[in-house]
file data-v2.csv (CSV, C-alpha atoms)
chain,number,residue,atom,x,y,z
A,1,MET,CA,-24.3,1.3,-12.0
A,2,THR,CA,-24.0,-1.9,-14.0
A,3,ASP,CA,-20.2,-1.6,-13.9
A,4,LEU,CA,-20.3,-1.2,-10.1
A,5,LEU,CA,-22.3,-4.4,-9.8
A,6,ASP,CA,-19.8,-6.4,-11.9
A,7,PRO,CA,-18.6,-9.3,-9.8
A,8,ILE,CA,-14.9,-8.8,-10.8
A,9,ARG,CA,-15.2,-5.1,-10.0
A,10,LEU,CA,-16.7,-5.8,-6.6
A,11,ALA,CA,-14.1,-8.4,-5.9
A,12,SER,CA,-11.4,-5.9,-6.8
A,13,ILE,CA,-12.8,-3.3,-4.4
A,14,LEU,CA,-12.9,-5.9,-1.7
A,15,VAL,CA,-9.2,-6.8,-2.5
A,16,MET,CA,-8.3,-3.2,-2.2
A,17,TRP,CA,-10.0,-2.8,1.2
A,18,LEU,CA,-8.4,-5.9,2.6
A,19,SER,CA,-5.0,-4.9,1.2
A,20,LEU,CA,-5.2,-1.5,2.7
A,21,SER,CA,-6.2,-3.1,6.0
A,22,VAL,CA,-3.1,-5.3,6.0
A,23,HIS,CA,-1.0,-2.3,5.1
A,24,GLU,CA,-2.3,-0.3,8.2
A,25,TRP,CA,-2.1,-3.3,10.4
A,26,ALA,CA,1.6,-3.7,9.4
A,27,HIS,CA,2.2,-0.1,10.5
A,28,ALA,CA,0.5,-0.7,13.8
A,29,ARG,CA,2.2,-4.0,14.5
A,30,SER,CA,5.6,-2.6,13.6
A,31,ALA,CA,5.2,0.3,16.0
A,32,TYR,CA,3.9,-2.0,18.7
A,33,ALA,CA,7.0,-4.3,18.3
A,34,LEU,CA,9.2,-1.2,18.7
A,35,GLY,CA,7.4,-0.3,22.0
A,36,ASP,CA,4.6,2.1,20.9
A,37,ASN,CA,1.2,0.8,21.8
A,38,THR,CA,-0.7,3.9,20.6
A,39,ALA,CA,-2.3,2.3,17.6
A,40,LYS,CA,-3.1,-0.9,19.5
A,41,ALA,CA,-4.8,1.1,22.3
A,42,LEU,CA,-7.0,2.8,19.7
A,43,GLY,CA,-8.0,-0.5,18.1
A,44,ARG,CA,-6.0,0.1,14.9
A,45,MET,CA,-3.8,-3.0,15.2
A,46,THR,CA,-6.5,-5.1,13.5
A,47,LEU,CA,-7.3,-6.5,10.0
A,48,ASP,CA,-10.8,-5.2,10.3
A,49,PRO,CA,-11.3,-2.9,7.3
A,50,MET,CA,-13.8,-0.7,9.1
A,51,ALA,CA,-11.1,0.4,11.6
A,52,HIS,CA,-9.0,1.9,8.8
A,53,VAL,CA,-11.6,3.4,6.4
A,54,ASP,CA,-10.8,6.8,4.8
A,55,PHE,CA,-13.6,8.2,2.7
A,56,VAL,CA,-11.4,9.2,-0.3
A,57,GLY,CA,-8.5,6.7,-0.2
A,58,THR,CA,-10.5,3.6,0.8
A,59,LEU,CA,-13.9,4.2,-0.6
A,60,LEU,CA,-14.0,6.8,-3.4
A,61,LEU,CA,-10.8,5.8,-5.3
A,62,PRO,CA,-11.6,2.1,-5.5
A,63,LEU,CA,-15.2,2.9,-6.5
A,64,ILE,CA,-14.0,5.0,-9.5
A,65,GLY,CA,-11.5,2.4,-10.5
A,66,VAL,CA,-8.2,3.8,-9.3
A,67,PRO,CA,-5.9,0.8,-8.7
A,68,PHE,CA,-4.3,2.3,-5.5
A,69,GLY,CA,-5.3,4.3,-2.5
A,70,TRP,CA,-4.8,4.8,1.2
A,71,ALA,CA,-6.5,4.2,4.5
A,72,LYS,CA,-6.8,6.3,7.6
A,73,PRO,CA,-3.2,6.8,8.9
A,74,VAL,CA,-2.2,4.8,11.9
A,75,PRO,CA,-1.1,7.0,14.8
A,76,VAL,CA,2.5,6.4,15.8
A,77,ASN,CA,4.2,8.1,18.8
A,78,PRO,CA,8.0,7.7,18.4
A,79,THR,CA,8.6,8.9,21.9
A,80,ARG,CA,7.2,5.6,23.1
A,81,PHE,CA,9.7,3.5,21.2
A,82,ARG,CA,12.1,1.5,23.3
A,83,ARG,CA,15.1,3.3,24.5
A,84,ASP,CA,17.4,1.2,22.3
A,85,VAL,CA,15.4,2.4,19.2
A,86,LYS,CA,16.4,5.7,17.6
A,87,MET,CA,13.2,7.6,16.9
A,88,SER,CA,14.0,8.4,13.2
A,89,PHE,CA,15.1,4.7,12.6
A,90,GLY,CA,11.9,3.5,14.3
A,91,MET,CA,9.7,5.8,12.2
A,92,MET,CA,11.5,4.5,9.0
A,93,LEU,CA,10.9,0.9,10.0
A,94,THR,CA,7.2,1.6,10.9
A,95,ALA,CA,6.7,3.5,7.6
A,96,ALA,CA,8.3,0.8,5.5
A,97,ALA,CA,6.3,-2.0,7.1
A,98,GLY,CA,3.1,-1.0,5.2
A,99,PRO,CA,4.5,-1.2,1.7
A,100,ALA,CA,6.5,-4.3,2.7
A,101,SER,CA,3.3,-6.0,3.6
A,102,ASN,CA,1.9,-5.2,0.2
A,103,VAL,CA,4.9,-6.7,-1.5
A,104,VAL,CA,4.5,-9.9,0.6
A,105,LEU,CA,0.8,-10.0,-0.4
A,106,SER,CA,1.8,-9.6,-4.0
A,107,VAL,CA,4.3,-12.4,-3.9
A,108,LEU,CA,1.8,-14.6,-2.1
A,109,CYS,CA,-0.8,-13.9,-4.8
A,110,LEU,CA,1.7,-14.7,-7.5
A,111,GLY,CA,2.5,-18.0,-5.8
A,112,PHE,CA,-1.2,-18.8,-5.4
A,113,PHE,CA,-1.9,-18.0,-9.0
A,114,ALA,CA,1.0,-20.3,-10.1
A,115,ALA,CA,-0.3,-23.1,-7.9
A,116,LEU,CA,-3.9,-22.6,-9.1
A,117,TRP,CA,-2.7,-22.7,-12.8
A,118,HIS,CA,-0.9,-26.0,-12.2
A,119,VAL,CA,-3.6,-27.7,-10.1
A,120,ALA,CA,-6.8,-26.3,-11.7
A,121,PRO,CA,-6.0,-24.4,-14.9
A,122,THR,CA,-9.7,-24.0,-15.7
A,123,LEU,CA,-10.2,-22.0,-12.5
A,124,ALA,CA,-7.0,-20.0,-13.1
A,125,GLU,CA,-8.4,-19.0,-16.5
A,126,GLY,CA,-11.7,-17.9,-15.0
A,127,PRO,CA,-12.8,-15.3,-12.5
A,128,ALA,CA,-10.9,-16.8,-9.6
A,129,GLY,CA,-7.6,-16.5,-11.4
A,130,GLN,CA,-8.5,-13.1,-12.6
A,131,ILE,CA,-9.1,-11.9,-9.1
A,132,VAL,CA,-5.9,-13.3,-7.8
A,133,ALA,CA,-4.0,-11.7,-10.6
A,134,ILE,CA,-5.7,-8.3,-9.9
A,135,ALA,CA,-4.7,-8.7,-6.2
A,136,MET,CA,-1.1,-9.4,-7.2
A,137,VAL,CA,-0.9,-6.3,-9.5
A,138,MET,CA,-2.8,-4.1,-7.1
A,139,ASN,CA,-0.6,-4.9,-4.1
A,140,LEU,CA,2.5,-4.2,-6.1
A,141,LEU,CA,1.1,-0.8,-7.2
A,142,LEU,CA,0.1,0.0,-3.6
A,143,ALA,CA,3.7,-0.7,-2.4
A,144,VAL,CA,5.1,1.5,-5.2
A,145,PHE,CA,2.7,4.3,-4.7
A,146,ASN,CA,3.2,4.4,-0.9
A,147,MET,CA,7.0,4.3,-1.3
A,148,VAL,CA,7.1,7.4,-3.5
A,149,PRO,CA,9.3,9.8,-1.4
A,150,ILE,CA,6.8,12.6,-1.3
A,151,PRO,CA,5.1,13.7,1.9
A,152,PRO,CA,2.9,12.4,3.5
A,153,LEU,CA,3.5,9.0,1.9
A,154,ASP,CA,5.4,6.2,3.6
A,155,GLY,CA,8.4,6.8,1.3
A,156,SER,CA,8.8,10.3,2.7
A,157,ARG,CA,9.3,9.0,6.2
A,158,VAL,CA,11.9,6.5,4.9
A,159,ALA,CA,13.6,9.3,3.0
A,160,ALA,CA,13.5,11.6,6.2
A,161,HIS,CA,15.7,9.1,8.1
A,162,PHE,CA,18.5,9.6,5.6
A,163,MET,CA,18.2,13.4,5.3
A,164,PRO,CA,20.4,16.0,7.0
A,165,ARG,CA,18.7,17.3,10.1
A,166,SER,CA,18.8,20.8,8.6
A,167,LEU,CA,16.3,19.8,5.9
A,168,LEU,CA,13.8,18.1,8.3
A,169,PRO,CA,11.8,21.3,9.2
A,170,PHE,CA,11.2,22.0,5.5
A,171,TRP,CA,10.3,18.3,4.9
A,172,HIS,CA,7.8,18.3,7.7
A,173,GLY,CA,6.4,21.6,6.4
A,174,VAL,CA,5.8,20.0,3.0
A,175,GLU,CA,3.7,17.4,4.8
A,176,ARG,CA,1.1,20.0,5.5
A,177,ALA,CA,0.2,20.1,1.8
A,178,GLY,CA,-1.8,16.9,2.4
A,179,ILE,CA,-2.3,13.6,0.6
A,180,PHE,CA,-3.0,15.3,-2.8
A,181,LEU,CA,0.6,16.5,-3.2
A,182,PRO,CA,1.8,13.1,-4.5
A,183,PHE,CA,-1.1,13.0,-7.0
A,184,LEU,CA,-0.1,16.4,-8.3
A,185,VAL,CA,3.5,15.3,-8.7
A,186,ILE,CA,2.5,11.9,-10.3
A,187,TRP,CA,0.1,13.6,-12.7
A,188,GLY,CA,2.6,16.3,-13.5
A,189,LEU,CA,5.2,13.6,-14.4
A,190,ARG,CA,2.6,11.8,-16.6
A,191,ALA,CA,1.9,15.1,-18.4
A,192,VAL,CA,5.5,15.1,-19.6
A,193,GLY,CA,5.4,11.4,-20.5
A,194,ILE,CA,6.8,9.8,-17.3
A,195,ASP,CA,4.6,7.1,-15.8
A,196,ILE,CA,6.3,5.7,-12.6
A,197,PHE,CA,3.8,2.9,-12.4
A,198,ALA,CA,4.1,1.6,-16.0
A,199,PRO,CA,7.3,-0.5,-15.4
A,200,PHE,CA,5.7,-2.2,-12.4
A,201,VAL,CA,2.5,-3.0,-14.3
A,202,ALA,CA,4.6,-4.5,-17.0
A,203,LEU,CA,6.7,-6.4,-14.4
A,204,SER,CA,3.5,-7.8,-12.9
A,205,TYR,CA,2.2,-9.2,-16.2
A,206,ASP,CA,5.6,-10.5,-17.0
A,207,LEU,CA,5.7,-12.4,-13.7
A,208,LEU,CA,2.2,-13.7,-14.2
A,209,ARG,CA,3.1,-15.0,-17.7
A,210,ALA,CA,6.3,-16.5,-16.4
A,211,VAL,CA,4.4,-18.9,-14.0
A,212,ILE,CA,2.1,-20.1,-16.8
A,213,PRO,CA,3.4,-23.3,-18.4
call {"tool": "encode", "arguments": {"input": "data-v2.csv", "output": "structure tokens"}}
result
Amino acid sequence: MTDLLDPIRLASILVMWLSLSVHEWAHARSAYALGDNTAKALGRMTLDPMAHVDFVGTLLLPLIGVPFGWAKPVPVNPTRFRRDVKMSFGMMLTAAAGPASNVVLSVLCLGFFAALWHVAPTLAEGPAGQIVAIAMVMNLLLAVFNMVPIPPLDGSRVAAHFMPRSLLPFWHGVERAGIFLPFLVIWGLRAVGIDIFAPFVALSYDLLRAVIP
């Protein structure tokens, strides 16, 4: 309980919720730009975290300290895309918009951390800087996690755009395995010594150190 009440821990959870909200908003906004107003009509084209809450991915994982997660999927109807937008291409763009938004947030956090360090180094060395650094790393990991090309993650929809049509029925069938399939694959890789997140964590800290004078 004491750990849950730690200010940095609470701030990290808030950062996760806000980051996931931006991620889902980006999906909805991308679909809307392509002509599909399904998410907007359902109130999902919003940055309000309460509109995107998923019990496991948004609440449980952050509370137990997992540095990535997911929110309730934004509904996308590719049949509503504009006529000049091929459905598979539109789905790829809509899927990629979520991780792309996390990359943008990560870059913005890095820039803010650098500015804070140069303007107010005392703040940068304290809790404020720590929270910004956590947000930078967390958003990069969110982008990486969601771009893993395993159904039903965003990366699987990007991969589907480049697949032969003959493989799509199998690919869509794999999606029925649910959100826990990527975790099984990731944990399986870690069991044999492959951690797909480690290089990106190292990259994050290298970038943070690079902006410190």
call {"tool": "residues_near_point", "arguments": {"input": "data-v2.csv", "point": "(2.4, -16.6, -9.9)", "cutoff": "12 Å", "atoms": "only C-alpha atoms", "output": "JSON list (two decimals) with C-alpha atoms, keeping the file's coordinate frame"}}
result
[["chain", "number", "residue", "atom", "x", "y", "z"],
["A", 105, "LEU", "CA", 0.80, -10.00, -0.40],
["A", 106, "SER", "CA", 1.80, -9.60, -4.00],
["A", 107, "VAL", "CA", 4.30, -12.40, -3.90],
["A", 108, "LEU", "CA", 1.80, -14.60, -2.10],
["A", 109, "CYS", "CA", -0.80, -13.90, -4.80],
["A", 110, "LEU", "CA", 1.70, -14.70, -7.50],
["A", 111, "GLY", "CA", 2.50, -18.00, -5.80],
["A", 112, "PHE", "CA", -1.20, -18.80, -5.40],
["A", 113, "PHE", "CA", -1.90, -18.00, -9.00],
["A", 114, "ALA", "CA", 1.00, -20.30, -10.10],
["A", 115, "ALA", "CA", -0.30, -23.10, -7.90],
["A", 116, "LEU", "CA", -3.90, -22.60, -9.10],
["A", 117, "TRP", "CA", -2.70, -22.70, -12.80],
["A", 118, "HIS", "CA", -0.90, -26.00, -12.20],
["A", 124, "ALA", "CA", -7.00, -20.00, -13.10],
["A", 129, "GLY", "CA", -7.60, -16.50, -11.40],
["A", 130, "GLN", "CA", -8.50, -13.10, -12.60],
["A", 132, "VAL", "CA", -5.90, -13.30, -7.80],
["A", 133, "ALA", "CA", -4.00, -11.70, -10.60],
["A", 134, "ILE", "CA", -5.70, -8.30, -9.90],
["A", 135, "ALA", "CA", -4.70, -8.70, -6.20],
["A", 136, "MET", "CA", -1.10, -9.40, -7.20],
["A", 137, "VAL", "CA", -0.90, -6.30, -9.50],
["A", 203, "LEU", "CA", 6.70, -6.40, -14.40],
["A", 204, "SER", "CA", 3.50, -7.80, -12.90],
["A", 205, "TYR", "CA", 2.20, -9.20, -16.20],
["A", 206, "ASP", "CA", 5.60, -10.50, -17.00],
["A", 207, "LEU", "CA", 5.70, -12.40, -13.70],
["A", 208, "LEU", "CA", 2.20, -13.70, -14.20],
["A", 209, "ARG", "CA", 3.10, -15.00, -17.70],
["A", 210, "ALA", "CA", 6.30, -16.50, -16.40],
["A", 211, "VAL", "CA", 4.40, -18.90, -14.00],
["A", 212, "ILE", "CA", 2.10, -20.10, -16.80],
["A", 213, "PRO", "CA", 3.40, -23.30, -18.40]]
call {"tool": "closest_residue", "arguments": {"input": "data-v2.csv", "among": "A:Thr122, A:Ser30, A:Asn102, A:Ser166", "to": "Asn77 (chain A)", "atoms": "all atoms listed in the file"}}
result
A:Ser30
call {"tool": "residues_around", "arguments": {"input": "data-v2.csv", "residues": "Pro49 (chain A)", "least_positions_apart": "3", "cutoff": "12 Å", "atoms": "only C-alpha atoms", "output": "JSON, numbers by chain"}}
result
{"A": [13, 14, 15, 16, 17, 18, 19, 20, 21, 22, 23, 24, 25, 43, 44, 45, 46, 52, 53, 54, 58, 59, 70, 71, 72]}
call {"tool": "write_last_selection", "arguments": {"input": "data-v2.csv", "atoms": "C-alpha atoms", "output": "compact mmCIF listing (two decimals), in the coordinates of the input"}}
result
# COMPACT_ATOMS: atom_id res chain seq x y z
CA ILE A 13 -12.80 -3.30 -4.40
CA LEU A 14 -12.90 -5.90 -1.70
CA VAL A 15 -9.20 -6.80 -2.50
CA MET A 16 -8.30 -3.20 -2.20
CA TRP A 17 -10.00 -2.80 1.20
CA LEU A 18 -8.40 -5.90 2.60
CA SER A 19 -5.00 -4.90 1.20
CA LEU A 20 -5.20 -1.50 2.70
CA SER A 21 -6.20 -3.10 6.00
CA VAL A 22 -3.10 -5.30 6.00
CA HIS A 23 -1.00 -2.30 5.10
CA GLU A 24 -2.30 -0.30 8.20
CA TRP A 25 -2.10 -3.30 10.40
CA GLY A 43 -8.00 -0.50 18.10
CA ARG A 44 -6.00 0.10 14.90
CA MET A 45 -3.80 -3.00 15.20
CA THR A 46 -6.50 -5.10 13.50
CA HIS A 52 -9.00 1.90 8.80
CA VAL A 53 -11.60 3.40 6.40
CA ASP A 54 -10.80 6.80 4.80
CA THR A 58 -10.50 3.60 0.80
CA LEU A 59 -13.90 4.20 -0.60
CA TRP A 70 -4.80 4.80 1.20
CA ALA A 71 -6.50 4.20 4.50
CA LYS A 72 -6.80 6.30 7.60
call {"tool": "residues_around", "arguments": {"input": "data-v2.csv", "residues": "region 170-173 of chain A", "least_positions_apart": "6", "cutoff": "10 Å", "atoms": "all atoms listed in the file", "output": "MDAnalysis selection string"}}
result
chainID A and resid 150:152 156:157 159:160 163
call {"tool": "write_last_selection", "arguments": {"input": "data-v2.csv", "atoms": "C-alpha atoms", "output": "compact mmCIF listing (two decimals), in the frame of the given file"}}
result
# COMPACT_ATOMS: atom_id res chain seq x y z
CA ILE A 150 6.80 12.60 -1.30
CA PRO A 151 5.10 13.70 1.90
CA PRO A 152 2.90 12.40 3.50
CA SER A 156 8.80 10.30 2.70
CA ARG A 157 9.30 9.00 6.20
CA ALA A 159 13.60 9.30 3.00
CA ALA A 160 13.50 11.60 6.20
CA MET A 163 18.20 13.40 5.30
call {"tool": "atom_distance", "arguments": {"input": "data-v2.csv", "atom1": "CA of Asp36 (chain A)", "atom2": "CA of Pro169 (chain A)"}}
result
23.6 Å
call {"tool": "atom_distance", "arguments": {"input": "data-v2.csv", "atom1": "CA of Asp195 (chain A)", "atom2": "CA of Leu10 (chain A)"}}
result
26.5 Å
call {"tool": "decode", "arguments": {"input": "data-v2.csv", "residues": "region 83-121 of chain A", "atoms": "C-alpha atoms", "output": "CSV table (one decimal), in the first residue's frame"}}
result
chain,number,residue,atom,x,y,z
A,83,ARG,CA,-13.5,6.1,-51.7
A,84,ASP,CA,-10.0,7.2,-52.5
A,85,VAL,CA,-8.7,5.3,-49.5
A,86,LYS,CA,-8.0,1.6,-49.9
A,87,MET,CA,-9.3,-0.2,-46.8
A,88,SER,CA,-6.2,-2.1,-45.9
A,89,PHE,CA,-4.1,1.0,-46.3
A,90,GLY,CA,-6.5,3.0,-44.2
A,91,MET,CA,-6.4,0.4,-41.5
A,92,MET,CA,-2.6,0.5,-41.6
A,93,LEU,CA,-2.5,4.2,-41.1
A,94,THR,CA,-5.1,4.1,-38.4
A,95,ALA,CA,-3.2,1.4,-36.5
A,96,ALA,CA,0.1,3.1,-36.9
A,97,ALA,CA,-1.3,6.4,-35.6
A,98,GLY,CA,-1.4,5.2,-32.0
A,99,PRO,CA,2.2,4.1,-31.6
A,100,ALA,CA,3.3,7.2,-33.6
A,101,SER,CA,1.5,9.4,-31.1
A,102,ASN,CA,3.6,7.8,-28.3
A,103,VAL,CA,6.8,8.4,-30.2
A,104,VAL,CA,5.8,12.1,-30.5
A,105,LEU,CA,5.1,12.2,-26.8
A,106,SER,CA,8.4,10.6,-26.1
A,107,VAL,CA,10.3,13.1,-28.2
A,108,LEU,CA,8.4,16.0,-26.6
A,109,CYS,CA,9.2,14.7,-23.1
A,110,LEU,CA,12.9,14.4,-24.1
A,111,GLY,CA,12.9,18.0,-25.3
A,112,PHE,CA,11.1,19.2,-22.2
A,113,PHE,CA,13.6,17.3,-20.0
A,114,ALA,CA,16.5,18.9,-21.9
A,115,ALA,CA,14.9,22.4,-21.5
A,116,LEU,CA,14.2,21.8,-17.8
A,117,TRP,CA,17.8,20.7,-17.2
A,118,HIS,CA,19.2,23.8,-18.9
A,119,VAL,CA,16.7,26.3,-17.3
A,120,ALA,CA,16.2,24.8,-13.9
A,121,PRO,CA,18.7,21.9,-13.2
